[in-house]
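Undergrad: mmCIF, C-alpha atoms and all ligand atoms, saved as data-v4.cif, coming up:
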```cif
data_upload
#
loop_
_atom_site.group_PDB
_atom_site.id
_atom_site.type_symbol
_atom_site.label_atom_id
_atom_site.label_comp_id
_atom_site.auth_asym_id
_atom_site.auth_seq_id
_atom_site.Cartn_x
_atom_site.Cartn_y
_atom_site.Cartn_z
ATOM 1 C CA MET X 1 3.672 150.615 -59.524
ATOM 2 C CA ALA X 2 3.973 146.873 -58.932
ATOM 3 C CA TRP X 3 0.874 144.972 -57.816
ATOM 4 C CA ASN X 4 1.575 143.798 -54.260
ATOM 5 C CA LYS X 5 -2.027 143.019 -53.260
ATOM 6 C CA PRO X 6 -3.733 139.633 -53.207
ATOM 7 C CA ILE X 7 -4.676 138.425 -56.699
ATOM 8 C CA PRO X 8 -8.429 137.865 -57.082
ATOM 9 C CA ASN X 9 -9.361 134.209 -57.168
ATOM 10 C CA VAL X 10 -11.172 133.752 -60.483
ATOM 11 C CA GLU X 11 -13.445 130.753 -60.239
ATOM 12 C CA LYS X 12 -14.408 129.115 -63.532
ATOM 13 C CA ALA X 13 -18.056 130.178 -63.287
ATOM 14 C CA LEU X 14 -17.028 133.859 -63.157
ATOM 15 C CA LYS X 15 -14.360 133.805 -65.885
ATOM 16 C CA PRO X 16 -16.539 135.709 -68.407
ATOM 17 C CA PHE X 17 -17.069 138.458 -65.801
ATOM 18 C CA TRP X 18 -13.298 138.957 -65.458
ATOM 19 C CA GLU X 19 -12.754 138.723 -69.231
ATOM 20 C CA GLY X 20 -15.411 141.415 -69.692
ATOM 21 C CA LEU X 21 -13.612 143.709 -67.254
ATOM 22 C CA LYS X 22 -10.467 143.476 -69.402
ATOM 23 C CA ASN X 23 -12.545 144.974 -72.239
ATOM 24 C CA HIS X 24 -14.002 147.530 -69.808
ATOM 25 C CA ARG X 25 -17.400 145.887 -69.993
ATOM 26 C CA PHE X 26 -19.418 145.116 -66.871
ATOM 27 C CA LEU X 27 -21.156 141.788 -67.470
ATOM 28 C CA LEU X 28 -23.806 140.212 -65.297
ATOM 29 C CA LEU X 29 -25.893 137.109 -65.847
ATOM 30 C CA LYS X 30 -29.342 137.718 -67.313
ATOM 31 C CA CYS X 31 -32.077 135.094 -67.489
ATOM 32 C CA ASN X 32 -33.018 134.318 -71.102
ATOM 33 C CA GLU X 33 -36.552 133.447 -70.079
ATOM 34 C CA CYS X 34 -37.650 136.193 -67.677
ATOM 35 C CA GLY X 35 -34.908 138.881 -67.835
ATOM 36 C CA ALA X 36 -33.937 138.685 -64.136
ATOM 37 C CA TRP X 37 -30.286 139.620 -63.400
ATOM 38 C CA TYR X 38 -27.879 137.567 -61.320
ATOM 39 C CA TRP X 39 -24.304 137.755 -60.044
ATOM 40 C CA PRO X 40 -22.588 135.485 -59.292
ATOM 41 C CA ALA X 41 -23.906 132.468 -61.214
ATOM 42 C CA THR X 42 -27.000 130.889 -59.743
ATOM 43 C CA TYR X 43 -30.249 129.362 -60.943
ATOM 44 C CA CYS X 44 -33.108 131.738 -61.756
ATOM 45 C CA ARG X 45 -35.505 131.608 -58.874
ATOM 46 C CA ASN X 46 -38.565 132.538 -60.971
ATOM 47 C CA HIS X 47 -39.163 129.256 -62.851
ATOM 48 C CA ARG X 48 -37.738 125.859 -63.800
ATOM 49 C CA ASN X 49 -34.238 126.080 -65.279
ATOM 50 C CA LYS X 50 -32.187 124.389 -67.959
ATOM 51 C CA PRO X 51 -29.210 122.426 -66.577
ATOM 52 C CA PHE X 52 -25.716 123.953 -66.277
ATOM 53 C CA PHE X 53 -27.016 127.513 -66.032
ATOM 54 C CA GLY X 54 -28.374 127.161 -69.603
ATOM 55 C CA SER X 55 -31.056 129.764 -68.873
ATOM 56 C CA LEU X 56 -28.535 132.526 -68.107
ATOM 57 C CA SER X 57 -26.401 134.614 -70.493
ATOM 58 C CA TRP X 58 -23.587 137.070 -69.724
ATOM 59 C CA THR X 59 -25.008 140.463 -70.675
ATOM 60 C CA GLY X 60 -23.623 144.000 -70.579
ATOM 61 C CA ALA X 61 -24.895 145.874 -67.513
ATOM 62 C CA SER X 62 -24.775 149.534 -66.478
ATOM 63 C CA GLY X 63 -21.946 149.272 -63.951
ATOM 64 C CA GLN X 64 -23.995 151.639 -61.791
ATOM 65 C CA GLY X 65 -25.510 151.149 -58.391
ATOM 66 C CA LYS X 66 -25.823 152.551 -54.898
ATOM 67 C CA ILE X 67 -24.062 151.909 -51.616
ATOM 68 C CA VAL X 68 -26.010 149.663 -49.253
ATOM 69 C CA SER X 69 -23.382 149.387 -46.525
ATOM 70 C CA TYR X 70 -19.728 150.366 -46.070
ATOM 71 C CA ASN X 71 -16.885 150.662 -43.652
ATOM 72 C CA ILE X 72 -13.828 152.870 -43.548
ATOM 73 C CA THR X 73 -10.610 150.987 -42.908
ATOM 74 C CA ARG X 74 -8.093 153.165 -41.090
ATOM 75 C CA VAL X 75 -5.543 150.534 -40.036
ATOM 76 C CA ALA X 76 -4.177 148.262 -42.774
ATOM 77 C CA MET X 77 -4.592 144.582 -41.900
ATOM 78 C CA ARG X 78 -1.963 143.588 -44.466
ATOM 79 C CA PRO X 79 1.252 145.459 -45.317
ATOM 80 C CA ALA X 80 0.130 145.622 -48.978
ATOM 81 C CA PHE X 81 -2.687 147.998 -48.013
ATOM 82 C CA LYS X 82 -0.715 150.356 -45.757
ATOM 83 C CA ASP X 83 -0.450 153.058 -48.453
ATOM 84 C CA ASP X 84 -4.209 152.871 -49.114
ATOM 85 C CA VAL X 85 -5.612 153.706 -45.677
ATOM 86 C CA PRO X 86 -8.002 155.197 -44.982
ATOM 87 C CA TYR X 87 -10.086 153.415 -47.637
ATOM 88 C CA VAL X 88 -13.750 152.552 -48.075
ATOM 89 C CA TYR X 89 -14.971 149.007 -48.625
ATOM 90 C CA ALA X 90 -18.629 148.904 -49.594
ATOM 91 C CA LEU X 91 -21.514 146.613 -50.413
ATOM 92 C CA ILE X 92 -23.112 147.946 -53.586
ATOM 93 C CA GLN X 93 -26.544 147.143 -54.962
ATOM 94 C CA LEU X 94 -26.226 147.304 -58.733
ATOM 95 C CA SER X 95 -28.993 149.041 -60.706
ATOM 96 C CA GLU X 96 -29.934 145.643 -62.163
ATOM 97 C CA GLY X 97 -30.409 144.192 -58.658
ATOM 98 C CA PRO X 98 -27.435 141.956 -57.716
ATOM 99 C CA MET X 99 -25.050 142.955 -54.918
ATOM 100 C CA ILE X 100 -21.274 143.247 -55.280
ATOM 101 C CA SER X 101 -18.587 144.430 -52.879
ATOM 102 C CA SER X 102 -15.682 146.691 -53.822
ATOM 103 C CA ASN X 103 -13.641 149.701 -52.780
ATOM 104 C CA ILE X 104 -15.020 153.205 -53.277
ATOM 105 C CA ILE X 105 -12.319 155.459 -54.741
ATOM 106 C CA ASN X 106 -11.880 158.998 -56.079
ATOM 107 C CA CYS X 107 -13.548 160.624 -53.064
ATOM 108 C CA ALA X 108 -12.849 161.398 -49.415
ATOM 109 C CA PRO X 109 -13.884 158.430 -47.233
ATOM 110 C CA GLU X 110 -15.913 160.806 -45.021
ATOM 111 C CA SER X 111 -18.029 161.876 -48.014
ATOM 112 C CA VAL X 112 -19.407 158.341 -48.534
ATOM 113 C CA TYR X 113 -22.997 157.693 -47.428
ATOM 114 C CA ILE X 114 -25.707 155.029 -47.619
ATOM 115 C CA ASP X 115 -27.645 155.230 -50.939
ATOM 116 C CA MET X 116 -24.770 157.135 -52.581
ATOM 117 C CA PRO X 117 -24.910 156.550 -56.363
ATOM 118 C CA VAL X 118 -21.706 154.924 -57.645
ATOM 119 C CA ARG X 119 -20.355 153.652 -60.953
ATOM 120 C CA VAL X 120 -17.662 151.162 -61.876
ATOM 121 C CA VAL X 121 -14.074 152.242 -62.585
ATOM 122 C CA TYR X 122 -11.794 149.815 -64.425
ATOM 123 C CA ARG X 123 -8.213 149.582 -63.201
ATOM 124 C CA ASP X 124 -6.005 147.685 -65.631
ATOM 125 C CA VAL X 125 -3.202 145.803 -63.877
ATOM 126 C CA PRO X 126 -0.840 144.512 -66.593
ATOM 127 C CA GLU X 127 1.437 142.830 -64.009
ATOM 128 C CA ILE X 128 -1.266 140.260 -63.283
ATOM 129 C CA SER X 129 -3.083 140.477 -66.662
ATOM 130 C CA MET X 130 -6.296 141.497 -64.961
ATOM 131 C CA THR X 131 -8.622 144.459 -64.684
ATOM 132 C CA ILE X 132 -9.919 145.131 -61.172
ATOM 133 C CA PRO X 133 -13.327 146.783 -60.732
ATOM 134 C CA TYR X 134 -13.499 149.682 -58.279
ATOM 135 C CA PHE X 135 -16.399 152.079 -57.793
ATOM 136 C CA GLU X 136 -16.507 155.889 -57.596
ATOM 137 C CA PRO X 137 -19.224 158.481 -56.921
ATOM 138 C CA ASP X 138 -21.587 158.681 -59.901
ATOM 139 C CA THR X 139 -21.837 162.447 -60.096
ATOM 140 C CA ALA X 140 -24.239 162.380 -63.063
ATOM 141 C CA ALA X 141 -26.694 160.230 -61.100
ATOM 142 C CA LYS X 142 -26.329 162.542 -58.090
ATOM 143 C CA ASP X 143 -27.190 165.566 -60.243
ATOM 144 C CA MET X 144 -30.309 163.774 -61.486
ATOM 145 C CA HIS X 145 -31.276 163.133 -57.907
ATOM 146 C CA ARG X 146 -30.746 166.798 -57.047
ATOM 147 C CA ARG X 147 -32.901 167.917 -59.964
ATOM 148 C CA GLY X 148 -35.703 165.812 -58.505
ATOM 149 C CA GLN X 149 -35.457 167.679 -55.199
ATOM 150 C CA PRO X 150 -37.348 170.956 -54.739
HETATM 151 ZN ZN ZN C 1 -35.727 133.605 -65.103
#
```
Have the structure of the file written as structure tokens, please.
Ligand SMILES: [Zn+2]
TA:
Amino acid sequence: MAWNKPIPNVEKALKPFWEGLKNHRFLLLKCNECGAWYWPATYCRNHRNKPFFGSLSWTGASGQGKIVSYNITRVAMRPAFKDDVPYVYALIQLSEGPMISSNIINCAPESVYIDMPVRVVYRDVPEISMTIPYFEPDTAAKDMHRRGQP
């Protein structure tokens, strides 16, 4: 199916993130000095930094997190999304700490809840030479959670 949605605007500072997605790797920035994780690029808030983000390195991350906030879109605001409604757009706190926003797929919108464990899904879109990150319920993490419950 042809890609008729807006093409993500890849700013230079996030190019390695998008390149990583093409290889189905979820990269975040990790501080070389203290190990804190960041996304998008910023200066580490824990200490003095080297110039030009020299203290941060793109590092493979889990691609897992939990939903902090979400909404269910039932009326498409653009024609390109009319076949997708209803869909869930969520704010996700990654296991490493940074927040990212994306669509939650592979589940009924009504089954989504706050704190739901999710994991990244890579959708390759050859038409635009990009891989778009979506998120889906992380059933393995949910099972772990259940085991912890009496
Ligand atoms: Zn640091």
Undergrad: Please identify the residues whose atoms come within 9 Å of ligand ZN 1 (chain C), using all atoms listed in the file, and report them as a VMD selection string.
TA: chain X and resid 30 to 37 43 to 49 55 to 56
Undergrad: Export C-alpha atoms of the chosen residues as a PDB file, in the coordinates of the input?
TA:
```
ATOM      1  CA  LYS X  30     -29.342 137.718 -67.313  1.00  0.00           C
ATOM      2  CA  CYS X  31     -32.077 135.094 -67.489  1.00  0.00           C
ATOM      3  CA  ASN X  32     -33.018 134.318 -71.102  1.00  0.00           C
ATOM      4  CA  GLU X  33     -36.552 133.447 -70.079  1.00  0.00           C
ATOM      5  CA  CYS X  34     -37.650 136.193 -67.677  1.00  0.00           C
ATOM      6  CA  GLY X  35     -34.908 138.881 -67.835  1.00  0.00           C
ATOM      7  CA  ALA X  36     -33.937 138.685 -64.136  1.00  0.00           C
ATOM      8  CA  TRP X  37     -30.286 139.620 -63.400  1.00  0.00           C
ATOM      9  CA  TYR X  43     -30.249 129.362 -60.943  1.00  0.00           C
ATOM     10  CA  CYS X  44     -33.108 131.738 -61.756  1.00  0.00           C
ATOM     11  CA  ARG X  45     -35.505 131.608 -58.874  1.00  0.00           C
ATOM     12  CA  ASN X  46     -38.565 132.538 -60.971  1.00  0.00           C
ATOM     13  CA  HIS X  47     -39.163 129.256 -62.851  1.00  0.00           C
ATOM     14  CA  ARG X  48     -37.738 125.859 -63.800  1.00  0.00           C
ATOM     15  CA  ASN X  49     -34.238 126.080 -65.279  1.00  0.00           C
ATOM     16  CA  SER X  55     -31.056 129.764 -68.873  1.00  0.00           C
ATOM     17  CA  LEU X  56     -28.535 132.526 -68.107  1.00  0.00           C
TER      18      LEU X  56
END
```
Undergrad: Kindly resolve the PyMOL selection byres (((chain X and resi 22-26) around 10) and not hetatm) on the present coordinates and return the residues as a PDB file with C-alpha atoms, in the coordinates of the input.
TA:
```pdb
ATOM      1  CA  PRO X  16     -16.539 135.709 -68.407  1.00  0.00           C
ATOM      2  CA  PHE X  17     -17.069 138.458 -65.801  1.00  0.00           C
ATOM      3  CA  TRP X  18     -13.298 138.957 -65.458  1.00  0.00           C
ATOM      4  CA  GLU X  19     -12.754 138.723 -69.231  1.00  0.00           C
ATOM      5  CA  GLY X  20     -15.411 141.415 -69.692  1.00  0.00           C
ATOM      6  CA  LEU X  21     -13.612 143.709 -67.254  1.00  0.00           C
ATOM      7  CA  LEU X  27     -21.156 141.788 -67.470  1.00  0.00           C
ATOM      8  CA  LEU X  28     -23.806 140.212 -65.297  1.00  0.00           C
ATOM      9  CA  TRP X  58     -23.587 137.070 -69.724  1.00  0.00           C
ATOM     10  CA  THR X  59     -25.008 140.463 -70.675  1.00  0.00           C
ATOM     11  CA  GLY X  60     -23.623 144.000 -70.579  1.00  0.00           C
ATOM     12  CA  ALA X  61     -24.895 145.874 -67.513  1.00  0.00           C
ATOM     13  CA  SER X  62     -24.775 149.534 -66.478  1.00  0.00           C
ATOM     14  CA  GLY X  63     -21.946 149.272 -63.951  1.00  0.00           C
ATOM     15  CA  GLN X  64     -23.995 151.639 -61.791  1.00  0.00           C
ATOM     16  CA  VAL X 120     -17.662 151.162 -61.876  1.00  0.00           C
ATOM     17  CA  VAL X 121     -14.074 152.242 -62.585  1.00  0.00           C
ATOM     18  CA  TYR X 122     -11.794 149.815 -64.425  1.00  0.00           C
ATOM     19  CA  ARG X 123      -8.213 149.582 -63.201  1.00  0.00           C
ATOM     20  CA  ASP X 124      -6.005 147.685 -65.631  1.00  0.00           C
ATOM     21  CA  VAL X 125      -3.202 145.803 -63.877  1.00  0.00           C
ATOM     22  CA  SER X 129      -3.083 140.477 -66.662  1.00  0.00           C
ATOM     23  CA  MET X 130      -6.296 141.497 -64.961  1.00  0.00           C
ATOM     24  CA  THR X 131      -8.622 144.459 -64.684  1.00  0.00           C
ATOM     25  CA  ILE X 132      -9.919 145.131 -61.172  1.00  0.00           C
ATOM     26  CA  PRO X 133     -13.327 146.783 -60.732  1.00  0.00           C
TER      27      PRO X 133
END
```
Undergrad: Quick one: residues within 12 Å of Pro6 in chain X, only C-alpha atoms counted, chain neighbours fewer than 3 positions away excluded, as a list in words?
TA: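 Near neighbours after the sequence-gap exclusion: Trp3, Asn9, Val10, Arg78, Pro79, Ala80, Phe81, Ile128 and Ile132 of chain X.
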Undergrad: With C-alpha atoms kept, could you save the residues just selected as a PDB file, in the frame of the given file?
TA:
```
ATOM      1  CA  TRP X   3       0.874 144.972 -57.816  1.00  0.00           C
ATOM      2  CA  ASN X   9      -9.361 134.209 -57.168  1.00  0.00           C
ATOM      3  CA  VAL X  10     -11.172 133.752 -60.483  1.00  0.00           C
ATOM      4  CA  ARG X  78      -1.963 143.588 -44.466  1.00  0.00           C
ATOM      5  CA  PRO X  79       1.252 145.459 -45.317  1.00  0.00           C
ATOM      6  CA  ALA X  80       0.130 145.622 -48.978  1.00  0.00           C
ATOM      7  CA  PHE X  81      -2.687 147.998 -48.013  1.00  0.00           C
ATOM      8  CA  ILE X 128      -1.266 140.260 -63.283  1.00  0.00           C
ATOM      9  CA  ILE X 132      -9.919 145.131 -61.172  1.00  0.00           C
TER      10      ILE X 132
END
```
Undergrad: Which residue out of X:Asn4, X:Ser57, X:Thr42, X:Gln93 has the minimum interatomic distance to Glu127 in chain X when only C-alpha atoms are used?
TA: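 Result for the nearest residue to Glu127 in chain X: X:Asn4.
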Undergrad: Just how far from CA of Met116 in chain X is CA of Trp39 in chain X, in Å to one decimal?
TA: 20.8 Å
Undergrad: Hey, can you check how far CA of Tyr87 in chain X sits from CA of Pro40 in chain X?
TA: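 The value is 24.8 Å.
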Undergrad: In Å, how far is it from CA of Tyr89 in chain X to CA of Glu136 in chain X?
TA: 11.4 Å
Undergrad: Once the PyMOL selection byres (((chain X and resi 67) around 9) and not hetatm) is applied to the coordinates I shared, what remains selected? I want it as number ranges by chain.
TA: X: 65-66, 68-70, 90-94, 112-118
Undergrad: Would you kindly translate the PyMOL selection byres (((chain X and resi 73) around 12) and not hetatm) into the concrete residues it picks from this file, as a list of chain:residue names?
TA: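 Output of the PyMOL selection byres (((chain X and resi 73) around 12) and not hetatm): X:Tyr70, X:Asn71, X:Ile72, X:Arg74, X:Val75, X:Ala76, X:Met77, X:Arg78, X:Phe81, X:Lys82, X:Asp83, X:Asp84, X:Val85, X:Pro86, X:Tyr87, X:Val88, X:Tyr89, X:Ala90, X:Asn103, X:Ile104, X:Pro109, X:Glu110.
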Undergrad: First collect every listed atom of range 101-118 of chain X; then fit an axis-aligned box around them, widen it by 5 Å on each side, and give centre and edge lengths in Å to one decimal, as JSON.
TA:
```
{"center_x": -19.8, "center_y": 153.2, "center_z": -51.3, "size_x": 25.8, "size_y": 27.4, "size_z": 22.6}
```
Undergrad: Determine the nearest neighbour of Cys107 in chain X from the options X:Phe53, X:Ala13, X:Ile7, X:Thr139, counting all atoms listed in the file.
TA: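 The closest residue to Cys107 in chain X is X:Thr139.
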Undergrad: Have a look at X:Leu29, X:Ala41, X:Ala141, X:Ala108 and name the one nearest to Lys12 in chain X; count only C-alpha atoms.
TA: X:Ala41
